[in-house]
Every structure is written in structure tokens, then in C-alpha cells.
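Here's the structure, in C-alpha cells; my notes come after.
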Amino acid sequence: MSVMSECPTRQILNPGNSNCGGCGATSGLSLLSRAVGERNIQIVIPACCSAVAAGLFPNSVYGVPALMTTFAATASGATGLSVVAKLNGEDTRVVCWAGDGGTYDIGMATLSAAAERNEDILYICYDNEIYGNTGGQRSSATPHGATTTNTPPGGKVEVKKDIMEIMAAHRVPYAATVSIAHQEDAIRKMRYALDARGFRFLHLLSPCPTGWKSEPSLGLELVRLAVRSGLFPLMEIFEGKRRVVNVEPDFSQEALARYLNLQRRFKKSGIEPETLASEIEEHWSALRAKIRCFK
């Protein structure tokens with residue numbers, strides 16, 4: 001039976017939340033609900049859209065115990081919960097659910113520290129490539145050519161930070177990218193990460209219609225195009241060494257052009273598909289070399 005035909009035991013994110021229509025984080029939490037099953041989990045959320053979605057204390061839209069932390073304290077807060085659960089003999093998975101601002105930037109110090117110590121936590125970054133909660137500012141996850149409220153008129157000139165290779169450098173037991181448009185693959189990875197031990201990292205591309213200036217109904221299509229064009233590699237990394245590509249892209253420039261055209265955030269810079277295609281080719285060349293190295 002397909003995992004997508006299974007009804008989740010419980011919803012992590014319940015109705016009544018304040019997420020925008022078409023939010024990739026909502027889709028990601030729906031997939032996580034299916035992956036969790038009967039497992040006991042606690043979720044740690046820093047300052048981000050997902051924290052605002054919770055509602056006002058003492059009410060919460062989350063169907064599991066949730067700890068809200070400051071921007072920089074996600075991984076350290078999760079570490080504390082994980083240690084206490086272990087001391088109490090509880091079989092509890094502690095899951096961080098953080099945006100790219102709280103992962104790539106403000107939370108990088110505690111993320112790196114927890115990864116280096118191999119803390120027993122699952123860290124999921126839902127990456128909308130901006131500080132979505134505060135109107136859409138540039139983060140180090142913002143791609144080349146995208147315009148935000150605080151980029152120059154020509155858009156961001158730097159390429160996106162490679163968070164997966166940063167995690168690989170920490171030699172964590174498991175790191176993987178997740179696509180909400182490839183749901184069977186996403187749930188398989190989530191279940192593997194939930195059952196593994198030590199530090200695990202999942203990177204989920206999360207469309208933000210507000211910040212990406214895209215139609216809410218096109219979120220899945222955008223992620224599908226990102227995977228097909230090679231812009232978002234679907235892959236797994238084991239122990240920081242062995243890399244597995246889960247979906248081979250066809251590197252279609254037509255798909256890449258459609259990806260850019262469906263989002264107004266790339267309009268001002270006028271970045272051409274050819275420019276991004278050369279960056280994609282360079283990235284995949286380095287990835288293939290690492291795959292050959294650790295076969």
C-alpha cells in the first residue's frame with residue numbers, strides 16, 4: 001500500500017493555523033505527520049512563520065508537545081529535551097522544525113555545535129530562502145538573482161550556501177534533501193531519519209507564495225521543476241561520506257526557465273537560465289566527484 005494512502009495517526013499541524021495558502025511548511029508538516037505514525041515526538045520551533053502559526057498561549061495548533069525558542073536556540077533547546085528524555089527512559093524523538101534564517105544564519109552556531117557533538121536529534125530545515133516571518137529579507141539561503149526587501153535592485157549576487165556539504169563536513173550519521181513534490185521519497189527519508197540515532201538533518205525546499213511572488217497553487221510544480229532542472233538535488237549523505245542521488249535530473253533549461261518565470265522575485269534581476277545552468281553544472285560536477293570518491 002502506498003504511504004500516501006495511509007491516514008496519519010495524528011496531525012502535527014492542526015486546522016486554525018495562520019500559514020498562508022500554498023505554504024511549503026504546511027505541506028512539509030503534513031508529510032511529517034504521515035511519517036511519524038505511532039512514534040512519540042516533541043517538536044522545537046524557533047522564531048519563524050511556524051512559531052507564529054501556533055497561535056496565542058495557552059492555545060496551540062500543534063498536535064504534539066512543542067517548545068518555542070529564540071532564533072539561535074533551536075538545536076540547543078532540542079539537545080536539552082533529548083537528554084532529559086533519555087534520562088527518563090523515554091523513547092521520544094526530538095524534532096527541530098526551523099526556517100532557513102534560523103538554520104543557515106542565526107542558528108548556525110548551535111546547529112553546528114549539536115551536529116559536532118552528534119546529539120540525538122532530528123533537525124529539519126524548511127527552506128523558503130528568505131526570512132519569511134518578517135516580510136522576506138535576504139538570507140544566505142536566498143538564491144542568486146532573487147530579489148528580497150533588502151537586496152540591491154539587481155537581486156542577490158552571491159550563490160546560495162551549500163548547507164548539505166556543511167552537514168557532511170560534520171560527519172553526521174544522516175543528511176538528506178526532501179521534496180514535497182516527491183512524497184513517497186520524502187516520507188521514506190523522514191521515517192528513516194526518525195528511527196536513526198545521533199544527529200540527523202533534513203533539508204526541505206519550502207515554497208513561499210508571499211516571498212517568492214508566485215501563485216499558491218504552484219508550490220508542488222515549482223519544487224518539481226527545481227528537482228528536474230538540477231537546481232535542488234534530491235540526495236542522501238551517510239556519515240558525511242557516501243552520497244546517493246535519489247532522482248536524476250535531466251538538467252532541462254526549459255524547466256529552469258519555467259521555474260524562474262513562475263516567480264516574480266527573479267524579474268528585477270533579469271537573471272537568465274543560462275547563468276544558473278552553469279552554476280548547476282558546477283555544483284553537480286563537484287557532487288559527482290564526491291560520489292565517485294566514496295563508492
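Numbering starts fresh at 1 for the residues of each chain in the C-alpha cells, the chains themselves are lettered A, B, ... in the order given, and ligands are numbered from 1 as they appear.
Residues of stretch 121-245 of chain A assigned to strand (DSSP E) by DSSP on this structure's backbone: Leu122, Tyr123, Ile124, Cys125, Tyr126, Asp127, Tyr174, Ala175, Ala176, Thr177, Val178, Arg200, Phe201, Leu202, His203, Leu204, Leu205, Leu234, Met235, Glu236, Ile237, Phe238, Arg242, Arg243, Val244 and Val245 of chain A.
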Could I get the residues of stretch 206-263 of chain A with an atom no further than 10 Å from an atom of stretch 145-155 of chain A, each paired with its nearest atom pair and that distance in Å to one decimal, using only C-alpha atoms, sorted by chain and residue number, as CSV?
```
residue,atom,partner,partner_atom,distance
A:Gly211,CA,A:Thr148,CA,7.6
A:Trp212,CA,A:Ala146,CA,8.6
A:Leu260,CA,A:Ala146,CA,9.4
A:Gln263,CA,A:Ala146,CA,9.3
```
From stretch 212-290 of chain A, collect each residue whose DSSP state is alpha helix (DSSP H) and return the set as an MDAnalysis selection string.
chainID A and resid 212 219:228 253:261 273:290
Go ahead and dump the residues you just picked, C-alpha atoms, as a tab-separated table (two decimals), in the first residue's frame.
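Result file result13.tsv:
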```tsv
chain	number	residue	atom	x	y	z
A	212	TRP	CA	8.53	34.08	-3.98
A	219	GLY	CA	4.13	25.15	-4.99
A	220	LEU	CA	4.43	21.49	-5.96
A	221	GLU	CA	5.14	22.42	-9.58
A	222	LEU	CA	7.93	24.79	-8.55
A	223	VAL	CA	9.64	22.15	-6.44
A	224	ARG	CA	9.20	19.58	-9.21
A	225	LEU	CA	10.87	21.98	-11.67
A	226	ALA	CA	13.70	22.68	-9.21
A	227	VAL	CA	14.42	18.95	-8.94
A	228	ARG	CA	14.09	18.28	-12.67
A	253	GLN	CA	16.81	24.61	-19.39
A	254	GLU	CA	13.14	24.73	-20.32
A	255	ALA	CA	12.25	23.57	-16.79
A	256	LEU	CA	14.71	26.06	-15.31
A	257	ALA	CA	13.26	28.92	-17.38
A	258	ARG	CA	9.73	27.99	-16.29
A	259	TYR	CA	10.89	27.87	-12.66
A	260	LEU	CA	12.21	31.42	-12.95
A	261	ASN	CA	9.22	32.75	-14.90
A	273	PRO	CA	18.54	30.43	-17.16
A	274	GLU	CA	21.98	30.07	-18.78
A	275	THR	CA	23.62	31.79	-15.82
A	276	LEU	CA	22.02	29.46	-13.29
A	277	ALA	CA	22.60	26.47	-15.57
A	278	SER	CA	26.37	26.97	-15.39
A	279	GLU	CA	26.19	27.17	-11.58
A	280	ILE	CA	24.07	23.99	-11.51
A	281	GLU	CA	26.57	22.21	-13.77
A	282	GLU	CA	29.46	23.21	-11.50
A	283	HIS	CA	27.57	22.01	-8.40
A	284	TRP	CA	26.71	18.65	-9.93
A	285	SER	CA	30.26	18.16	-11.20
A	286	ALA	CA	31.54	18.51	-7.62
A	287	LEU	CA	28.77	16.22	-6.31
A	288	ARG	CA	29.56	13.51	-8.88
A	289	ALA	CA	33.23	13.68	-7.93
A	290	LYS	CA	32.38	13.08	-4.27
```
Closest of A:Glu116, A:Asp105, A:Glu184, A:Asp195 to A:Ile163 - atom-to-atom distances counting only C-alpha atoms
A:Asp105
So which residues touch A:Asp120 within 10 Å, counting only C-alpha atoms, skipping near sequence neighbours fewer than 6 positions away, as an mmCIF file with all heavy atoms, in the first residue's frame?
```cif
data_model
loop_
_atom_site.group_PDB
_atom_site.id
_atom_site.type_symbol
_atom_site.label_atom_id
_atom_site.label_comp_id
_atom_site.auth_asym_id
_atom_site.auth_seq_id
_atom_site.Cartn_x
_atom_site.Cartn_y
_atom_site.Cartn_z
ATOM 1 N N ALA A 78 16.608 21.632 21.694
ATOM 2 C CA ALA A 78 16.322 20.232 21.365
ATOM 3 C C ALA A 78 17.282 19.281 22.065
ATOM 4 O O ALA A 78 16.895 18.189 22.490
ATOM 5 C CB ALA A 78 16.401 20.039 19.851
ATOM 6 N N THR A 79 18.532 19.702 22.201
ATOM 7 C CA THR A 79 19.513 18.882 22.908
ATOM 8 C C THR A 79 19.074 18.633 24.347
ATOM 9 O O THR A 79 19.129 17.505 24.844
ATOM 10 C CB THR A 79 20.891 19.568 22.895
ATOM 11 O OG1 THR A 79 21.359 19.662 21.550
ATOM 12 C CG2 THR A 79 21.902 18.790 23.730
ATOM 13 N N LEU A 81 15.990 18.690 25.576
ATOM 14 C CA LEU A 81 14.839 17.784 25.587
ATOM 15 C C LEU A 81 15.271 16.344 25.334
ATOM 16 O O LEU A 81 14.761 15.405 25.961
ATOM 17 C CB LEU A 81 13.832 18.208 24.519
ATOM 18 C CG LEU A 81 13.086 19.521 24.732
ATOM 19 C CD1 LEU A 81 12.120 19.761 23.587
ATOM 20 C CD2 LEU A 81 12.330 19.521 26.062
ATOM 21 N N SER A 82 16.211 16.158 24.415
ATOM 22 C CA SER A 82 16.687 14.817 24.090
ATOM 23 C C SER A 82 17.395 14.163 25.279
ATOM 24 O O SER A 82 17.175 12.992 25.586
ATOM 25 C CB SER A 82 17.638 14.886 22.888
ATOM 26 O OG SER A 82 18.204 13.631 22.613
ATOM 27 N N VAL A 83 18.216 14.934 25.966
ATOM 28 C CA VAL A 83 18.943 14.398 27.127
ATOM 29 C C VAL A 83 17.976 14.032 28.252
ATOM 30 O O VAL A 83 18.096 12.968 28.871
ATOM 31 C CB VAL A 83 19.995 15.429 27.623
ATOM 32 C CG1 VAL A 83 20.573 15.000 28.972
ATOM 33 C CG2 VAL A 83 21.103 15.592 26.587
ATOM 34 N N LYS A 86 16.125 10.842 27.473
ATOM 35 C CA LYS A 86 16.988 9.680 27.667
ATOM 36 C C LYS A 86 17.147 9.357 29.154
ATOM 37 O O LYS A 86 17.091 8.189 29.569
ATOM 38 C CB LYS A 86 18.362 9.942 27.038
ATOM 39 C CG LYS A 86 19.296 8.737 27.073
ATOM 40 C CD LYS A 86 20.593 9.036 26.327
ATOM 41 C CE LYS A 86 21.514 7.808 26.348
ATOM 42 N NZ LYS A 86 22.780 8.091 25.625
ATOM 43 N N ARG A 93 11.379 10.967 20.094
ATOM 44 C CA ARG A 93 12.171 11.622 19.053
ATOM 45 C C ARG A 93 11.992 13.130 19.186
ATOM 46 O O ARG A 93 10.859 13.624 19.210
ATOM 47 C CB ARG A 93 11.691 11.211 17.672
ATOM 48 C CG ARG A 93 12.267 9.933 17.077
ATOM 49 C CD ARG A 93 12.338 8.766 17.978
ATOM 50 N NE ARG A 93 12.670 7.543 17.238
ATOM 51 C CZ ARG A 93 12.448 6.345 17.713
ATOM 52 N NH1 ARG A 93 11.899 6.193 18.917
ATOM 53 N NH2 ARG A 93 12.780 5.282 17.023
ATOM 54 N N VAL A 94 13.092 13.849 19.254
ATOM 55 C CA VAL A 94 13.036 15.304 19.328
ATOM 56 C C VAL A 94 13.334 15.859 17.941
ATOM 57 O O VAL A 94 14.372 15.557 17.343
ATOM 58 C CB VAL A 94 14.034 15.858 20.365
ATOM 59 C CG1 VAL A 94 13.956 17.381 20.406
ATOM 60 C CG2 VAL A 94 13.745 15.269 21.737
ATOM 61 N N VAL A 95 12.404 16.657 17.422
ATOM 62 C CA VAL A 95 12.484 17.161 16.050
ATOM 63 C C VAL A 95 12.552 18.691 16.066
ATOM 64 O O VAL A 95 11.688 19.350 16.650
ATOM 65 C CB VAL A 95 11.265 16.712 15.221
ATOM 66 C CG1 VAL A 95 11.357 17.257 13.795
ATOM 67 C CG2 VAL A 95 11.152 15.192 15.205
ATOM 68 N N ALA A 114 25.608 21.172 17.924
ATOM 69 C CA ALA A 114 24.849 19.935 18.150
ATOM 70 C C ALA A 114 25.271 18.853 17.170
ATOM 71 O O ALA A 114 25.363 17.669 17.527
ATOM 72 C CB ALA A 114 23.349 20.211 18.027
ATOM 73 N N ALA A 196 16.566 6.617 13.040
ATOM 74 C CA ALA A 196 18.019 6.609 13.221
ATOM 75 C C ALA A 196 18.371 7.290 14.543
ATOM 76 O O ALA A 196 17.531 7.915 15.194
ATOM 77 C CB ALA A 196 18.701 7.322 12.058
ATOM 78 N N ARG A 197 19.602 7.148 14.937
ATOM 79 C CA ARG A 197 20.088 7.777 16.167
ATOM 80 C C ARG A 197 21.254 8.700 15.845
ATOM 81 O O ARG A 197 21.888 8.593 14.794
ATOM 82 C CB ARG A 197 20.518 6.716 17.186
ATOM 83 C CG ARG A 197 19.334 5.923 17.759
ATOM 84 C CD ARG A 197 18.375 6.825 18.508
ATOM 85 N NE ARG A 197 17.273 6.098 19.133
ATOM 86 C CZ ARG A 197 16.274 6.669 19.796
ATOM 87 N NH1 ARG A 197 16.243 7.983 19.916
ATOM 88 N NH2 ARG A 197 15.316 5.948 20.327
ATOM 89 N N GLY A 198 21.544 9.597 16.764
ATOM 90 C CA GLY A 198 22.556 10.604 16.512
ATOM 91 C C GLY A 198 21.940 11.791 15.801
ATOM 92 O O GLY A 198 20.716 11.918 15.703
ATOM 93 N N PHE A 199 22.771 12.685 15.299
ATOM 94 C CA PHE A 199 22.275 13.902 14.659
ATOM 95 C C PHE A 199 21.857 13.606 13.225
ATOM 96 O O PHE A 199 22.634 13.074 12.426
ATOM 97 C CB PHE A 199 23.349 14.990 14.671
ATOM 98 C CG PHE A 199 22.825 16.341 14.278
ATOM 99 C CD1 PHE A 199 22.354 17.219 15.242
ATOM 100 C CD2 PHE A 199 22.781 16.727 12.943
ATOM 101 C CE1 PHE A 199 21.857 18.470 14.883
ATOM 102 C CE2 PHE A 199 22.289 17.970 12.584
ATOM 103 C CZ PHE A 199 21.820 18.841 13.556
ATOM 104 N N ARG A 200 20.632 13.965 12.887
ATOM 105 C CA ARG A 200 20.110 13.786 11.528
ATOM 106 C C ARG A 200 19.616 15.123 11.016
ATOM 107 O O ARG A 200 19.072 15.914 11.793
ATOM 108 C CB ARG A 200 18.963 12.768 11.489
ATOM 109 C CG ARG A 200 19.372 11.371 11.891
ATOM 110 C CD ARG A 200 19.174 11.105 13.379
ATOM 111 N NE ARG A 200 17.764 10.992 13.735
ATOM 112 C CZ ARG A 200 17.296 11.184 14.980
ATOM 113 N NH1 ARG A 200 18.091 11.527 15.984
ATOM 114 N NH2 ARG A 200 16.007 11.036 15.217
#
```
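Distance check against A:Ala181 using only C-alpha atoms: of A:Ala193, A:Cys125, A:Leu205, A:Leu67, the minimum falls on A:Leu205.
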